[in-house]
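Notes to accompany the following structure.
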Amino acid sequence: MQAEVNAKSKVCGLIGNPVGHSLSPLIHNSVSSKMGINLVYTTFQVESDSVDVAIKGAYALNIAGLNVTVPHKVAVMNSLVDIDEFAKEIGACNTLVRVEGGYKGYNTDYIGLSRQLAKENIPIKGEDVIILGAGGASRAVNFMCGLEGVNKVYLLNRTLETAEGLAADVNKYFGRNIVVPMRLSDYKRIPKGKYTCIQTTSIGLSPNVDLAPIEDPEFYKLLKNAVDIIFNPVETKFMKLAKEQGAKTANGLKMLLYQGIAAYELWNNVIVSDEIQDEVLKLLEEAL
Ligand code: ATR
């Protein structure tokens with residue numbers, strides 16, 4: 001925690017519902033303490049019908065920056081004075097930066113995943129990738145793939161129409177046919193090969209730790225890297241099944257850390273060193 005919170009402390013925080021188990025205060029307060037920046041970060045539980053009043057109130061209270069989590073990442077966009085172009089395309093904001101007259105919205109989730117893949121030495125440029133799920137989190141992952149120059153994304157979702165809608169948005173934005181929408185049950189149609197797969201559904205999240213979006217071991221033979229954006233449990237069933245077939249696996253803890261670091265850098269106009277990021281990762285691992 002901060003050595004001292006005083007009258008000059010810059011205040012930042014997280015809005016969402018629920019927020020009681022968030023690891024974001026640990027990330028931001030640890031970075032502040034390690035960098036000697038007088039900033040305090042806490043959580044604000046906000047009901048869905050109060051998002052607009054919360055954002056206006058935060059501005060009135062001189063709050064310097066906010067993170068936004070489930071279920072407000074889309075709704076918050078109606079309460080902002082400006083939105084980063086890429087966040088607008090993704091259709092969700094998880095980071096708000098104080099500007100003249102209100103807040104500007106950004107999406108640092110895709111930056112978080114992109115930094116994680118770089119750190120884990122999982123290159124995706126020019127490669128074919130599989131993404132499971134086409135919900136809110138998946139949108140950021142798909143746009144990240146376009147930005148990183150992925151060759152093709154096989155986008156598998158229970159509801160085909162949702163995958164088709166997301167594929168159309170990504171393909172239009174990047175002006176090329178990157179994303180191929182498919183039904184989750186059609187995984188046998190994916191050409192034989194070795195892929196990086198990013199799991200974005202909520203299946204397997206604690207307490208439902210015995211579930212995976214695809215149970216068939218044959219699917220996991222297609223994978224060389226299996227990244228789950230879930231970090232609770234630390235090893236999801238998706239990761240276990242992939243590991244059994246020889247894939248390298250990672251959970252979503254680093255994505256969480258790096259989206260937070262990217263937000264911190266936007267709020268404070270600083271660069272957080274790799275050394276501090278690694279130290280904070282250790283604290284997160286201990287906290288889980
Ligand atoms: P988030 O913002 O976390 O991505 P979301 O927008 O509700 O949450 O998306 C949840 C994703 O998990 C979707 O891809 C959803 O599939 P559908 O589009 O078919 O609803 C997927 N999902 C959730 N529960 C599922 C289940 N039991 N089986 C298969 N897919 C599931």
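Letters A, B, ... mark the chains of the structure tokens in the order given; residue numbers begin at 1 per chain; ligand numbers begin at 1, in order shown.
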
Test item: residues lying within 6 Å of ligand 1 with only C-alpha atoms and all ligand atoms, as a PyMOL selection string: chain A and resi 133-138+157-159+162+201-203+213

Item to complete: Identify all residues of segment 61-214 of chain A in alpha helix (DSSP H) (DSSP on the backbone) and supply them as number ranges by chain.
Response: A: 85-90, 109-119, 136-147, 160-174

- request: Quick one: everything within 10 Å of Ala167 of chain A, counting only C-alpha atoms, minus sequence neighbours fewer than 2 positions away in the same chain. Send it as a list in words.
  value: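 Non-adjacent residues within range: Ala134, Arg139, Asn142, Phe143, Val153, Tyr154, Leu155, Glu161, Thr162, Ala163, Glu164, Gly165, Asp169, Val170, Asn171, Lys172, Tyr173, Asn177, Ile178, Val179, Val180, Pro181 and Met182 of chain A.
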
Item to complete: Would you kindly return, as a count of residues only, each protein, DNA or RNA residue with an atom no farther than 12 Å from any atom of Lys88 of chain A, considering only C-alpha atoms and excluding same-chain residues fewer than 3 positions away?
Response: 23

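Assigned to strand (DSSP E or B) in segment 12-99 of chain A, given DSSP computed from backbone atoms, are Cys12, Gly13, Leu14, Ile15, Gly16, Leu39, Val40, Tyr41, Thr42, Thr43, Phe44, Gln45, Gly65, Leu66, Asn67, Val68, Asp82, Ile83, Thr95, Leu96, Val97, Arg98 and Val99 of chain A.
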
Would you kindly return, as a list in words, each protein, DNA or RNA residue with an atom no farther than 10 Å from any atom of Leu147 of chain A, considering only C-alpha atoms and excluding same-chain residues fewer than 2 positions away?
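The filter keeps Phe86, Tyr110, Ser114, Lys125, Val141, Asn142, Phe143, Met144, Cys145, Gly149, Val150, Val170 and Phe174 of chain A.
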
As a check of understanding: the span from atom CA of Ala75 of chain A to atom CA of Val51 of chain A is 7.5 Å

Segment 127-132 of chain A: which residues within 6 Å, counting only C-alpha atoms, same-chain residues fewer than 3 positions away excluded, as a CSV table (one decimal) with all heavy atoms, in the first residue's frame?
```
chain,number,residue,atom,x,y,z
A,124,ILE,N,2.3,-14.0,-33.1
A,124,ILE,CA,1.1,-14.3,-33.8
A,124,ILE,C,1.1,-13.6,-35.2
A,124,ILE,O,0.3,-13.9,-36.0
A,124,ILE,CB,-0.2,-13.9,-33.1
A,124,ILE,CG1,-0.1,-12.5,-32.6
A,124,ILE,CG2,-0.4,-14.9,-31.9
A,124,ILE,CD1,-1.5,-12.0,-32.0
A,150,VAL,N,-2.1,-10.8,-37.7
A,150,VAL,CA,-2.5,-12.2,-37.8
A,150,VAL,C,-3.0,-12.5,-39.2
A,150,VAL,O,-3.7,-11.7,-39.8
A,150,VAL,CB,-3.5,-12.5,-36.7
A,150,VAL,CG1,-4.2,-13.8,-37.0
A,150,VAL,CG2,-2.9,-12.6,-35.4
A,151,ASN,N,-2.6,-13.7,-39.8
A,151,ASN,CA,-3.1,-14.0,-41.1
A,151,ASN,C,-4.6,-14.3,-41.1
A,151,ASN,O,-5.3,-13.8,-41.9
A,151,ASN,CB,-2.3,-15.2,-41.6
A,151,ASN,CG,-2.7,-15.6,-43.0
A,151,ASN,OD1,-2.7,-14.8,-43.9
A,151,ASN,ND2,-3.1,-16.9,-43.2
A,152,LYS,N,-5.0,-15.3,-40.2
A,152,LYS,CA,-6.4,-15.7,-40.2
A,152,LYS,C,-6.8,-16.0,-38.8
A,152,LYS,O,-6.0,-16.6,-38.0
A,152,LYS,CB,-6.5,-16.9,-41.1
A,152,LYS,CG,-8.0,-17.3,-41.4
A,152,LYS,CD,-8.0,-18.5,-42.3
A,152,LYS,CE,-7.8,-18.2,-43.7
A,152,LYS,NZ,-8.0,-19.3,-44.6
A,153,VAL,N,-8.0,-15.7,-38.4
A,153,VAL,CA,-8.6,-16.1,-37.1
A,153,VAL,C,-9.8,-17.0,-37.4
A,153,VAL,O,-10.7,-16.7,-38.1
A,153,VAL,CB,-9.1,-14.9,-36.4
A,153,VAL,CG1,-9.9,-15.3,-35.1
A,153,VAL,CG2,-8.0,-13.9,-36.0
A,154,TYR,N,-9.7,-18.2,-36.8
A,154,TYR,CA,-10.9,-19.1,-36.8
A,154,TYR,C,-11.7,-18.7,-35.5
A,154,TYR,O,-11.2,-19.0,-34.4
A,154,TYR,CB,-10.5,-20.6,-36.8
A,154,TYR,CG,-9.9,-21.0,-38.1
A,154,TYR,CD1,-8.5,-21.1,-38.2
A,154,TYR,CD2,-10.6,-21.2,-39.3
A,154,TYR,CE1,-7.9,-21.4,-39.4
A,154,TYR,CE2,-10.0,-21.5,-40.5
A,154,TYR,CZ,-8.6,-21.6,-40.6
A,154,TYR,OH,-8.0,-22.0,-41.7
A,155,LEU,N,-12.8,-18.1,-35.7
A,155,LEU,CA,-13.6,-17.6,-34.5
A,155,LEU,C,-14.7,-18.5,-34.2
A,155,LEU,O,-15.7,-18.6,-35.0
A,155,LEU,CB,-14.1,-16.1,-34.8
A,155,LEU,CG,-15.0,-15.5,-33.8
A,155,LEU,CD1,-14.3,-15.4,-32.4
A,155,LEU,CD2,-15.5,-14.1,-34.2
A,156,LEU,N,-14.6,-19.3,-33.2
A,156,LEU,CA,-15.6,-20.3,-32.8
A,156,LEU,C,-16.5,-19.8,-31.7
A,156,LEU,O,-16.0,-19.4,-30.7
A,156,LEU,CB,-14.9,-21.6,-32.4
A,156,LEU,CG,-14.4,-22.6,-33.4
A,156,LEU,CD1,-13.4,-21.9,-34.4
A,156,LEU,CD2,-13.7,-23.8,-32.8
A,195,TYR,N,-1.8,-24.3,-33.9
A,195,TYR,CA,-2.3,-23.0,-33.7
A,195,TYR,C,-2.1,-22.5,-32.3
A,195,TYR,O,-2.0,-23.2,-31.4
A,195,TYR,CB,-3.8,-23.0,-34.0
A,195,TYR,CG,-4.2,-23.4,-35.4
A,195,TYR,CD1,-4.4,-24.8,-35.6
A,195,TYR,CD2,-4.4,-22.5,-36.4
A,195,TYR,CE1,-4.9,-25.2,-36.9
A,195,TYR,CE2,-4.8,-22.9,-37.6
A,195,TYR,CZ,-5.0,-24.2,-37.9
A,195,TYR,OH,-5.5,-24.6,-39.1
A,196,THR,N,-2.0,-21.1,-32.2
A,196,THR,CA,-2.2,-20.5,-30.9
A,196,THR,C,-3.7,-20.3,-30.8
A,196,THR,O,-4.4,-19.8,-31.7
A,196,THR,CB,-1.5,-19.1,-30.9
A,196,THR,OG1,-0.1,-19.3,-30.9
A,196,THR,CG2,-1.8,-18.3,-29.7
A,197,CYS,N,-4.2,-20.6,-29.6
A,197,CYS,CA,-5.7,-20.5,-29.3
A,197,CYS,C,-5.9,-19.6,-28.1
A,197,CYS,O,-5.2,-19.8,-27.1
A,197,CYS,CB,-6.3,-21.9,-29.1
A,197,CYS,SG,-8.0,-21.9,-28.7
A,198,ILE,N,-6.8,-18.7,-28.3
A,198,ILE,CA,-7.1,-17.8,-27.1
A,198,ILE,C,-8.5,-18.0,-26.7
A,198,ILE,O,-9.5,-17.9,-27.5
A,198,ILE,CB,-6.9,-16.3,-27.5
A,198,ILE,CG1,-5.4,-16.1,-28.0
A,198,ILE,CG2,-7.2,-15.4,-26.3
A,198,ILE,CD1,-5.1,-14.8,-28.7
A,199,GLN,N,-8.7,-18.4,-25.4
A,199,GLN,CA,-10.0,-18.8,-24.9
A,199,GLN,C,-10.6,-17.5,-24.2
A,199,GLN,O,-10.1,-17.1,-23.2
A,199,GLN,CB,-9.8,-19.9,-23.9
A,199,GLN,CG,-10.9,-20.7,-23.4
A,199,GLN,CD,-12.1,-20.0,-22.8
A,199,GLN,OE1,-13.1,-19.8,-23.5
A,199,GLN,NE2,-11.9,-19.5,-21.6
A,200,THR,N,-11.7,-17.1,-24.7
A,200,THR,CA,-12.3,-15.8,-24.2
A,200,THR,C,-13.7,-16.0,-23.5
A,200,THR,O,-14.3,-15.0,-23.1
A,200,THR,CB,-12.5,-14.7,-25.3
A,200,THR,OG1,-13.6,-15.1,-26.1
A,200,THR,CG2,-11.2,-14.6,-26.1
```

Excluding Glu235 of chain A and residues on its chain fewer than 4 positions from it, collect all residues at most 9 Å away from it, counting only C-alpha atoms, and give them as a CSV table (one decimal) with N, CA, C and O atoms, in the first residue's frame.
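Result saved to out-v3.csv:
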```csv
chain,number,residue,atom,x,y,z
A,209,VAL,N,-15.0,-25.0,-12.4
A,209,VAL,CA,-13.7,-25.3,-12.8
A,209,VAL,C,-13.6,-26.6,-13.6
A,209,VAL,O,-12.6,-26.9,-14.2
A,228,ASP,N,-5.7,-18.7,-21.9
A,228,ASP,CA,-7.0,-18.5,-21.4
A,228,ASP,C,-7.0,-17.1,-20.8
A,228,ASP,O,-6.1,-16.7,-20.1
A,230,ILE,N,-9.0,-16.2,-18.5
A,230,ILE,CA,-9.4,-16.5,-17.1
A,230,ILE,C,-8.1,-16.7,-16.3
A,230,ILE,O,-7.2,-17.3,-16.8
A,231,PHE,N,-8.1,-16.2,-15.1
A,231,PHE,CA,-6.9,-16.5,-14.2
A,231,PHE,C,-7.4,-17.0,-12.9
A,231,PHE,O,-6.5,-17.3,-12.0
A,239,MET,N,-6.8,-25.1,-20.2
A,239,MET,CA,-5.4,-25.2,-20.1
A,239,MET,C,-4.9,-26.6,-19.9
A,239,MET,O,-3.9,-27.1,-20.5
A,240,LYS,N,-5.6,-27.3,-19.0
A,240,LYS,CA,-5.2,-28.7,-18.6
A,240,LYS,C,-5.3,-29.6,-19.8
A,240,LYS,O,-4.4,-30.4,-20.1
A,249,THR,N,0.9,-23.4,-22.2
A,249,THR,CA,-0.3,-22.8,-21.7
A,249,THR,C,0.0,-21.5,-20.9
A,249,THR,O,1.1,-21.4,-20.3
A,250,ALA,N,-1.0,-20.6,-20.9
A,250,ALA,CA,-0.9,-19.4,-20.0
A,250,ALA,C,-2.3,-19.0,-19.6
A,250,ALA,O,-3.2,-19.2,-20.4
A,251,ASN,N,-2.4,-18.5,-18.4
A,251,ASN,CA,-3.7,-17.9,-18.0
A,251,ASN,C,-3.7,-16.4,-18.2
A,251,ASN,O,-2.8,-15.8,-18.8
```

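Separating atom CA of Tyr264 of chain A from atom CA of Phe44 of chain A is a distance of 17.4 Å.
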
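Rounded to one decimal, atom CA of Leu266 of chain A and atom CA of Ser50 of chain A lie 25.3 Å from each other.
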